[in-house]
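What follows is a single structure, written as structure tokens, with notes after it.
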Amino acid sequence: MKTGLYIHAPFCKSKCPYCDFYSLSDISLADEYTKKVIGLVAEGGRLFDTLYIGGGTPSVLGGERLQKIICAANLSENAEITVECNPSSADEKLFTALAAAGVNRISMGLQSAVEEERKSLGRLSGRERAHEAVMQCRKAGIENISLDLMLGIPGQTLASLDESLDFCLSLGVPHISAYMLKIEEGTVFYKRECAGALPLPGEDETCEMYLHTVKTLKKHGLYQYEISNFARPGMEGRHNLNYWDCGEYLGIGPAAHSFINGKRFYYESRIRDFLNGKPPVDDGTGGDFEEYVMLRLRLAEGLRENAVKERFHRSIPSEYYEKARFYASKGLVNIFDDGFALNENGFLLSNSVIGSFLT
């Protein structure tokens, strides 16, 4: 079974008002953090097929620290190595250092190409800097670039969404992640929404934006392979595909989660505890059939007989097909000869639809 390695870099220049990921604006502990991660990465001798450095904003660590972390990992020959970057903290020097360390994929936090929307999201750089960062990344030799977009953000309309989509498509990137904004408790946006001071599009309008995004990207050769992810054929993100296939992964860093040998565990969201060697917290078992179904139905490929038989030595239960036929009659599910999958309309109701298969 393939194994992914995730490293959480909990540092940001500033906290975005919608973000509830664990991060710190003080990078004074960056060297100590890097040393600790290197020590943990080198333990165990496990071989990893993918490495994903996320955050936070890993690019604020700089090229030298990231190089050391990447070089400490025991990676397979053709491993996918992804680093998240923000245009405001990435430059030609950084991309050159990452390419030299073997990085072959960059996930860049664009969120919007509309200046007013970027400001409302707390982004520190403008559209021109985002364009420049993509060009610098390519100049360094990294062609596999993913851009993040957000849907349903303050002030967004179908017209402004098209501006962001057109910007991404003009850059010719092979992968786009398009996430609908979720207001998380404890964030600045949550407080603003509670005060009635967050001008969000309505639910119907946000759904329309999502379906419009799916249609537009497909028209330009980026096909939906997961609820929020679109790629040219063969350019799907291998690291996240491993998550959705209920594969194994090791997470290192404060707030990082792991699933190894059927066991789940995680580091608590406190960097000092992590640096002092506090062990991960047990989070029970995982990988059963129900969890596999829940994750696989996030994928456009859906649930397939051969994969289920190979992993669980059983067929897809008949009652699952009964429910699939019901949802197909509602236009939410596509049924194949060997399984079924949610379509773009089903993805809009994924929580309730997927949940119904598990009850």
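Residues are named by chain letter and number: chains run A, B, ... in the order of the structure tokens, numbers start at 1 in each chain, and ligands are numbered from 1 in the order shown.
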
request  = May I have the residues within 10 Å of A:Leu222 as JSON, numbers by chain, using only C-alpha atoms and disregarding those fewer than 5 positions away in the same chain?
outcome  = {"A": [169, 173, 174, 175, 176, 214, 215, 216, 217, 229, 230, 231, 232, 233, 235, 236]}

request  = Name all residues at most 6 Å from stretch 144-160 of chain A (count only C-alpha atoms; drop same-chain ones fewer than 5 positions away) and give them as a ChimeraX atom specification.
outcome  = /A:105-112,173,175-181,199-201,206

Restrict the selected residues to C-alpha atoms and save them as a PDB file, in the first residue's frame.
```pdb
ATOM      1  CA  ARG A 105       4.535  20.270  -7.700  1.00  0.00           C
ATOM      2  CA  ILE A 106       3.512  23.642  -6.258  1.00  0.00           C
ATOM      3  CA  SER A 107       0.118  24.432  -4.741  1.00  0.00           C
ATOM      4  CA  MET A 108      -0.329  28.186  -4.828  1.00  0.00           C
ATOM      5  CA  GLY A 109      -2.865  30.094  -2.767  1.00  0.00           C
ATOM      6  CA  LEU A 110      -4.534  32.457  -5.224  1.00  0.00           C
ATOM      7  CA  GLN A 111      -8.140  32.345  -3.854  1.00  0.00           C
ATOM      8  CA  SER A 112      -9.250  35.138  -6.211  1.00  0.00           C
ATOM      9  CA  VAL A 173      -1.968  25.581 -15.069  1.00  0.00           C
ATOM     10  CA  HIS A 175      -4.660  21.781 -11.769  1.00  0.00           C
ATOM     11  CA  ILE A 176      -7.173  24.002  -9.970  1.00  0.00           C
ATOM     12  CA  SER A 177      -8.736  23.497  -6.541  1.00  0.00           C
ATOM     13  CA  ALA A 178     -12.026  25.354  -6.122  1.00  0.00           C
ATOM     14  CA  TYR A 179     -13.398  25.364  -2.583  1.00  0.00           C
ATOM     15  CA  MET A 180     -16.693  26.788  -1.398  1.00  0.00           C
ATOM     16  CA  LEU A 181     -16.113  29.052   1.596  1.00  0.00           C
ATOM     17  CA  PRO A 199     -21.669  40.356   2.547  1.00  0.00           C
ATOM     18  CA  LEU A 200     -21.761  36.752   1.345  1.00  0.00           C
ATOM     19  CA  PRO A 201     -23.552  35.556  -1.802  1.00  0.00           C
ATOM     20  CA  THR A 206     -22.976  29.997  -4.466  1.00  0.00           C
TER      21      THR A 206
END
```

Within 12 Å of A:Glu322 using only C-alpha atoms, minus same-chain residues under 3 positions, as a PDB file with N, CA, C and O atoms, in the first residue's frame:
```
ATOM      1  N   ILE A 316     -20.090  -4.589  -3.418  1.00  0.00           N
ATOM      2  CA  ILE A 316     -20.856  -3.455  -2.913  1.00  0.00           C
ATOM      3  C   ILE A 316     -22.243  -3.961  -2.533  1.00  0.00           C
ATOM      4  O   ILE A 316     -22.897  -4.636  -3.332  1.00  0.00           O
ATOM      5  N   PRO A 317     -22.705  -3.690  -1.323  1.00  0.00           N
ATOM      6  CA  PRO A 317     -24.007  -4.209  -0.878  1.00  0.00           C
ATOM      7  C   PRO A 317     -25.156  -3.793  -1.796  1.00  0.00           C
ATOM      8  O   PRO A 317     -25.172  -2.689  -2.345  1.00  0.00           O
ATOM      9  N   SER A 318     -26.124  -4.679  -1.958  1.00  0.00           N
ATOM     10  CA  SER A 318     -27.262  -4.412  -2.845  1.00  0.00           C
ATOM     11  C   SER A 318     -28.039  -3.173  -2.407  1.00  0.00           C
ATOM     12  O   SER A 318     -28.561  -2.423  -3.243  1.00  0.00           O
ATOM     13  N   GLU A 319     -28.108  -2.946  -1.072  1.00  0.00           N
ATOM     14  CA  GLU A 319     -28.856  -1.780  -0.599  1.00  0.00           C
ATOM     15  C   GLU A 319     -28.180  -0.464  -1.015  1.00  0.00           C
ATOM     16  O   GLU A 319     -28.847   0.565  -1.148  1.00  0.00           O
ATOM     17  N   ARG A 325     -29.709   4.115  -7.124  1.00  0.00           N
ATOM     18  CA  ARG A 325     -30.750   4.270  -8.141  1.00  0.00           C
ATOM     19  C   ARG A 325     -31.751   5.359  -7.749  1.00  0.00           C
ATOM     20  O   ARG A 325     -32.235   6.112  -8.608  1.00  0.00           O
ATOM     21  N   PHE A 326     -32.048   5.456  -6.459  1.00  0.00           N
ATOM     22  CA  PHE A 326     -32.940   6.514  -5.996  1.00  0.00           C
ATOM     23  C   PHE A 326     -32.338   7.883  -6.293  1.00  0.00           C
ATOM     24  O   PHE A 326     -33.012   8.774  -6.843  1.00  0.00           O
ATOM     25  N   TYR A 327     -31.060   8.070  -5.947  1.00  0.00           N
ATOM     26  CA  TYR A 327     -30.425   9.362  -6.172  1.00  0.00           C
ATOM     27  C   TYR A 327     -30.191   9.620  -7.655  1.00  0.00           C
ATOM     28  O   TYR A 327     -30.191  10.784  -8.099  1.00  0.00           O
ATOM     29  N   ALA A 328     -30.013   8.558  -8.431  1.00  0.00           N
ATOM     30  CA  ALA A 328     -29.895   8.736  -9.879  1.00  0.00           C
ATOM     31  C   ALA A 328     -31.190   9.301 -10.459  1.00  0.00           C
ATOM     32  O   ALA A 328     -31.171  10.134 -11.372  1.00  0.00           O
ATOM     33  N   SER A 329     -32.331   8.872  -9.904  1.00  0.00           N
ATOM     34  CA  SER A 329     -33.624   9.383 -10.367  1.00  0.00           C
ATOM     35  C   SER A 329     -33.792  10.861 -10.037  1.00  0.00           C
ATOM     36  O   SER A 329     -34.606  11.552 -10.655  1.00  0.00           O
ATOM     37  N   VAL A 333     -26.684  11.157  -8.938  1.00  0.00           N
ATOM     38  CA  VAL A 333     -25.735  10.044  -8.993  1.00  0.00           C
ATOM     39  C   VAL A 333     -25.700   9.474 -10.407  1.00  0.00           C
ATOM     40  O   VAL A 333     -26.730   9.406 -11.089  1.00  0.00           O
ATOM     41  N   ILE A 335     -24.753   5.990 -12.441  1.00  0.00           N
ATOM     42  CA  ILE A 335     -24.575   4.550 -12.214  1.00  0.00           C
ATOM     43  C   ILE A 335     -23.825   3.934 -13.389  1.00  0.00           C
ATOM     44  O   ILE A 335     -24.138   4.203 -14.556  1.00  0.00           O
ATOM     45  N   GLY A 339     -20.430   0.017 -10.654  1.00  0.00           N
ATOM     46  CA  GLY A 339     -20.483   0.858  -9.461  1.00  0.00           C
ATOM     47  C   GLY A 339     -21.290   2.118  -9.702  1.00  0.00           C
ATOM     48  O   GLY A 339     -22.108   2.193 -10.617  1.00  0.00           O
ATOM     49  N   PHE A 340     -21.010   3.136  -8.915  1.00  0.00           N
ATOM     50  CA  PHE A 340     -21.744   4.396  -9.045  1.00  0.00           C
ATOM     51  C   PHE A 340     -20.918   5.529  -8.443  1.00  0.00           C
ATOM     52  O   PHE A 340     -19.956   5.299  -7.693  1.00  0.00           O
ATOM     53  N   SER A 356     -26.306   9.205   3.817  1.00  0.00           N
ATOM     54  CA  SER A 356     -27.427   8.280   3.720  1.00  0.00           C
ATOM     55  C   SER A 356     -26.970   6.871   3.371  1.00  0.00           C
ATOM     56  O   SER A 356     -27.659   5.902   3.700  1.00  0.00           O
ATOM     57  N   PHE A 357     -25.832   6.735   2.706  1.00  0.00           N
ATOM     58  CA  PHE A 357     -25.322   5.397   2.397  1.00  0.00           C
ATOM     59  C   PHE A 357     -24.770   4.714   3.641  1.00  0.00           C
ATOM     60  O   PHE A 357     -24.646   3.488   3.671  1.00  0.00           O
TER      61      PHE A 357
END
```

task = Identify, on the basis of only C-alpha atoms, every residue whose closest approach to stretch 288-304 of chain A does not exceed 8 Å; exclude the query and any residue fewer than 6 positions from it along the same chain; express the result as a PyMOL selection string.
result = chain A and resi 224-227+243-246+312+316+338-343+347+350+354-355+358

Write the residues you've just listed into a file as a PDB file, in the first residue's frame, and include C-alpha atoms for each of them.
```pdb
ATOM      1  CA  GLN A 224     -13.440  17.264 -11.994  1.00  0.00           C
ATOM      2  CA  TYR A 225     -11.938  14.258 -10.215  1.00  0.00           C
ATOM      3  CA  GLU A 226     -12.986  15.176  -6.668  1.00  0.00           C
ATOM      4  CA  ILE A 227     -15.574  17.473  -5.112  1.00  0.00           C
ATOM      5  CA  TYR A 243      -6.347  10.259   1.302  1.00  0.00           C
ATOM      6  CA  TRP A 244      -9.551   9.711  -0.660  1.00  0.00           C
ATOM      7  CA  ASP A 245      -8.582   6.124  -1.382  1.00  0.00           C
ATOM      8  CA  CYS A 246      -8.289   5.573   2.387  1.00  0.00           C
ATOM      9  CA  PHE A 312     -12.486  -5.927   1.447  1.00  0.00           C
ATOM     10  CA  ILE A 316     -20.856  -3.455  -2.913  1.00  0.00           C
ATOM     11  CA  ASP A 338     -19.425  -1.750 -12.012  1.00  0.00           C
ATOM     12  CA  GLY A 339     -20.483   0.858  -9.461  1.00  0.00           C
ATOM     13  CA  PHE A 340     -21.744   4.396  -9.045  1.00  0.00           C
ATOM     14  CA  ALA A 341     -20.590   7.931  -8.279  1.00  0.00           C
ATOM     15  CA  LEU A 342     -21.974  11.314  -7.311  1.00  0.00           C
ATOM     16  CA  ASN A 343     -22.103  13.847 -10.133  1.00  0.00           C
ATOM     17  CA  PHE A 347     -21.454  16.879  -4.840  1.00  0.00           C
ATOM     18  CA  SER A 350     -22.484  15.433  -0.643  1.00  0.00           C
ATOM     19  CA  ILE A 354     -22.984  10.231   1.331  1.00  0.00           C
ATOM     20  CA  GLY A 355     -24.315  10.098   4.877  1.00  0.00           C
ATOM     21  CA  LEU A 358     -23.788   4.934   5.827  1.00  0.00           C
TER      22      LEU A 358
END
```

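One distance worth recording is that between atom CA of A:Thr57 and atom CA of A:Cys207, which is 28.7 Å.
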
query = Quick one: residues within 10 Å of A:Thr34, only C-alpha atoms counted, chain neighbours fewer than 3 positions away excluded, as a ChimeraX atom specification?
reply = /A:9,29-31,37-39,61,65-66,68-69,253,275

Those same residues - C-alpha atoms - I'd like them written as a PDB file, in the first residue's frame.
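Heads up, here's the output in out.pdb:
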```
ATOM      1  CA  ALA A   9       4.396  24.094   8.642  1.00  0.00           C
ATOM      2  CA  LEU A  29      10.783  29.089  16.265  1.00  0.00           C
ATOM      3  CA  ALA A  30      11.318  28.203  12.593  1.00  0.00           C
ATOM      4  CA  ASP A  31      14.839  26.824  13.062  1.00  0.00           C
ATOM      5  CA  VAL A  37      10.790  17.806  11.822  1.00  0.00           C
ATOM      6  CA  ILE A  38      14.023  16.545  10.270  1.00  0.00           C
ATOM      7  CA  GLY A  39      14.602  14.260  13.258  1.00  0.00           C
ATOM      8  CA  LEU A  61      10.224  28.968   5.999  1.00  0.00           C
ATOM      9  CA  ARG A  65      14.914  25.108   5.624  1.00  0.00           C
ATOM     10  CA  LEU A  66      12.555  23.454   3.159  1.00  0.00           C
ATOM     11  CA  LYS A  68      16.721  20.308   4.576  1.00  0.00           C
ATOM     12  CA  ILE A  69      13.283  18.906   5.417  1.00  0.00           C
ATOM     13  CA  GLY A 253       4.042  18.853  12.888  1.00  0.00           C
ATOM     14  CA  LEU A 275       9.036  20.837  19.956  1.00  0.00           C
TER      15      LEU A 275
END
```

task = Enumerate as an MDAnalysis selection string all residues of stretch 10-111 of chain A assigned to strand (DSSP E or B) by DSSP on the backbone, naming them with the chain letters and numbers the document uses.
result = chainID A and resid 11 24 48:55 75:85 105:111

request  = Kindly indicate which residue among A:Glu344, A:Glu310, A:Asp26, A:Glu32 lies nearest to A:Leu211, using only C-alpha atoms for the distances.
outcome  =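 Looking only at the distances to A:Leu211, the closest residue turns out to be A:Glu344.
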
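Closest approach to A:Leu198 from the set A:Lys2, A:Arg123, A:Ile183, A:Cys137 is made by A:Ile183, with distances taken over only C-alpha atoms.
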
key: Expected answer as a VMD selection string: helix (DSSP H, G or I) residues in stretch 111-239 of chain A   = chain A and resid 115 to 120 127 to 139 158 to 171 188 to 194 203 to 219 238 to 239

I need the chosen residues saved as a PDB file, in the first residue's frame, with C-alpha atoms.
```pdb
ATOM      1  CA  GLU A 115      -8.251  42.720  -6.121  1.00  0.00           C
ATOM      2  CA  GLU A 116     -11.130  43.724  -3.839  1.00  0.00           C
ATOM      3  CA  GLU A 117     -11.929  40.081  -3.128  1.00  0.00           C
ATOM      4  CA  ARG A 118      -8.287  39.326  -2.390  1.00  0.00           C
ATOM      5  CA  LYS A 119      -8.182  42.187   0.096  1.00  0.00           C
ATOM      6  CA  SER A 120     -11.323  40.969   1.846  1.00  0.00           C
ATOM      7  CA  ARG A 127      -2.974  39.714  -9.032  1.00  0.00           C
ATOM      8  CA  GLU A 128       0.225  40.813 -10.776  1.00  0.00           C
ATOM      9  CA  ARG A 129       2.368  39.212  -8.096  1.00  0.00           C
ATOM     10  CA  ALA A 130       0.412  35.958  -8.457  1.00  0.00           C
ATOM     11  CA  HIS A 131       1.061  35.975 -12.214  1.00  0.00           C
ATOM     12  CA  GLU A 132       4.737  36.687 -11.625  1.00  0.00           C
ATOM     13  CA  ALA A 133       5.011  33.851  -9.090  1.00  0.00           C
ATOM     14  CA  VAL A 134       3.622  31.322 -11.573  1.00  0.00           C
ATOM     15  CA  MET A 135       6.119  32.489 -14.204  1.00  0.00           C
ATOM     16  CA  GLN A 136       8.998  32.234 -11.708  1.00  0.00           C
ATOM     17  CA  CYS A 137       7.910  28.756 -10.716  1.00  0.00           C
ATOM     18  CA  ARG A 138       7.981  27.627 -14.345  1.00  0.00           C
ATOM     19  CA  LYS A 139      11.339  29.302 -14.914  1.00  0.00           C
ATOM     20  CA  LEU A 158     -20.673  35.147 -11.315  1.00  0.00           C
ATOM     21  CA  ALA A 159     -18.955  37.909 -13.279  1.00  0.00           C
ATOM     22  CA  SER A 160     -16.118  38.291 -10.769  1.00  0.00           C
ATOM     23  CA  LEU A 161     -15.769  34.505 -10.563  1.00  0.00           C
ATOM     24  CA  ASP A 162     -15.335  34.438 -14.335  1.00  0.00           C
ATOM     25  CA  GLU A 163     -12.546  36.990 -13.960  1.00  0.00           C
ATOM     26  CA  SER A 164     -10.724  34.626 -11.582  1.00  0.00           C
ATOM     27  CA  LEU A 165     -11.370  31.576 -13.765  1.00  0.00           C
ATOM     28  CA  ASP A 166     -10.160  33.421 -16.862  1.00  0.00           C
ATOM     29  CA  PHE A 167      -7.002  34.436 -15.014  1.00  0.00           C
ATOM     30  CA  CYS A 168      -6.230  30.840 -14.022  1.00  0.00           C
ATOM     31  CA  LEU A 169      -6.991  29.504 -17.475  1.00  0.00           C
ATOM     32  CA  SER A 170      -4.803  32.161 -19.113  1.00  0.00           C
ATOM     33  CA  LEU A 171      -1.869  30.835 -17.091  1.00  0.00           C
ATOM     34  CA  VAL A 188     -12.731  36.668  11.984  1.00  0.00           C
ATOM     35  CA  PHE A 189     -15.289  35.857   9.294  1.00  0.00           C
ATOM     36  CA  TYR A 190     -17.361  33.946  11.849  1.00  0.00           C
ATOM     37  CA  LYS A 191     -17.487  36.995  14.117  1.00  0.00           C
ATOM     38  CA  ARG A 192     -18.394  39.253  11.192  1.00  0.00           C
ATOM     39  CA  GLU A 193     -21.135  36.900  10.032  1.00  0.00           C
ATOM     40  CA  CYS A 194     -22.591  36.757  13.541  1.00  0.00           C
ATOM     41  CA  GLU A 203     -26.757  29.809  -1.027  1.00  0.00           C
ATOM     42  CA  ASP A 204     -28.400  29.454  -4.439  1.00  0.00           C
ATOM     43  CA  GLU A 205     -25.920  31.870  -5.994  1.00  0.00           C
ATOM     44  CA  THR A 206     -22.976  29.997  -4.466  1.00  0.00           C
ATOM     45  CA  CYS A 207     -24.317  26.708  -5.830  1.00  0.00           C
ATOM     46  CA  GLU A 208     -24.636  28.335  -9.240  1.00  0.00           C
ATOM     47  CA  MET A 209     -21.006  29.462  -8.969  1.00  0.00           C
ATOM     48  CA  TYR A 210     -19.924  25.925  -8.204  1.00  0.00           C
ATOM     49  CA  LEU A 211     -21.750  24.396 -11.163  1.00  0.00           C
ATOM     50  CA  HIS A 212     -20.484  27.199 -13.400  1.00  0.00           C
ATOM     51  CA  THR A 213     -16.919  26.447 -12.278  1.00  0.00           C
ATOM     52  CA  VAL A 214     -17.319  22.745 -13.064  1.00  0.00           C
ATOM     53  CA  LYS A 215     -18.696  23.522 -16.535  1.00  0.00           C
ATOM     54  CA  THR A 216     -16.111  26.190 -17.359  1.00  0.00           C
ATOM     55  CA  LEU A 217     -13.100  24.156 -16.303  1.00  0.00           C
ATOM     56  CA  LYS A 218     -14.343  21.053 -18.138  1.00  0.00           C
ATOM     57  CA  LYS A 219     -14.774  23.127 -21.295  1.00  0.00           C
ATOM     58  CA  ARG A 238      -1.483  11.974  -6.027  1.00  0.00           C
ATOM     59  CA  HIS A 239      -1.068  12.859  -2.356  1.00  0.00           C
TER      60      HIS A 239
END
```

key: Best match for closeness to A:Phe21 among A:Arg46, A:His8, A:Lys323, A:Arg272, counting only C-alpha atoms   = A:His8

inquiry  = If we count only C-alpha atoms and set the cut-off at 9 Å, which residues sit around A:Ala73, ignoring sequence neighbours fewer than 2 positions away in its own chain? Please answer as a list in words.
reply    =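 That gives Leu5, Ile38, Val41, Ala42, Leu47, Phe48, Leu51, Ile69, Ile70, Cys71 and Leu75 of chain A.
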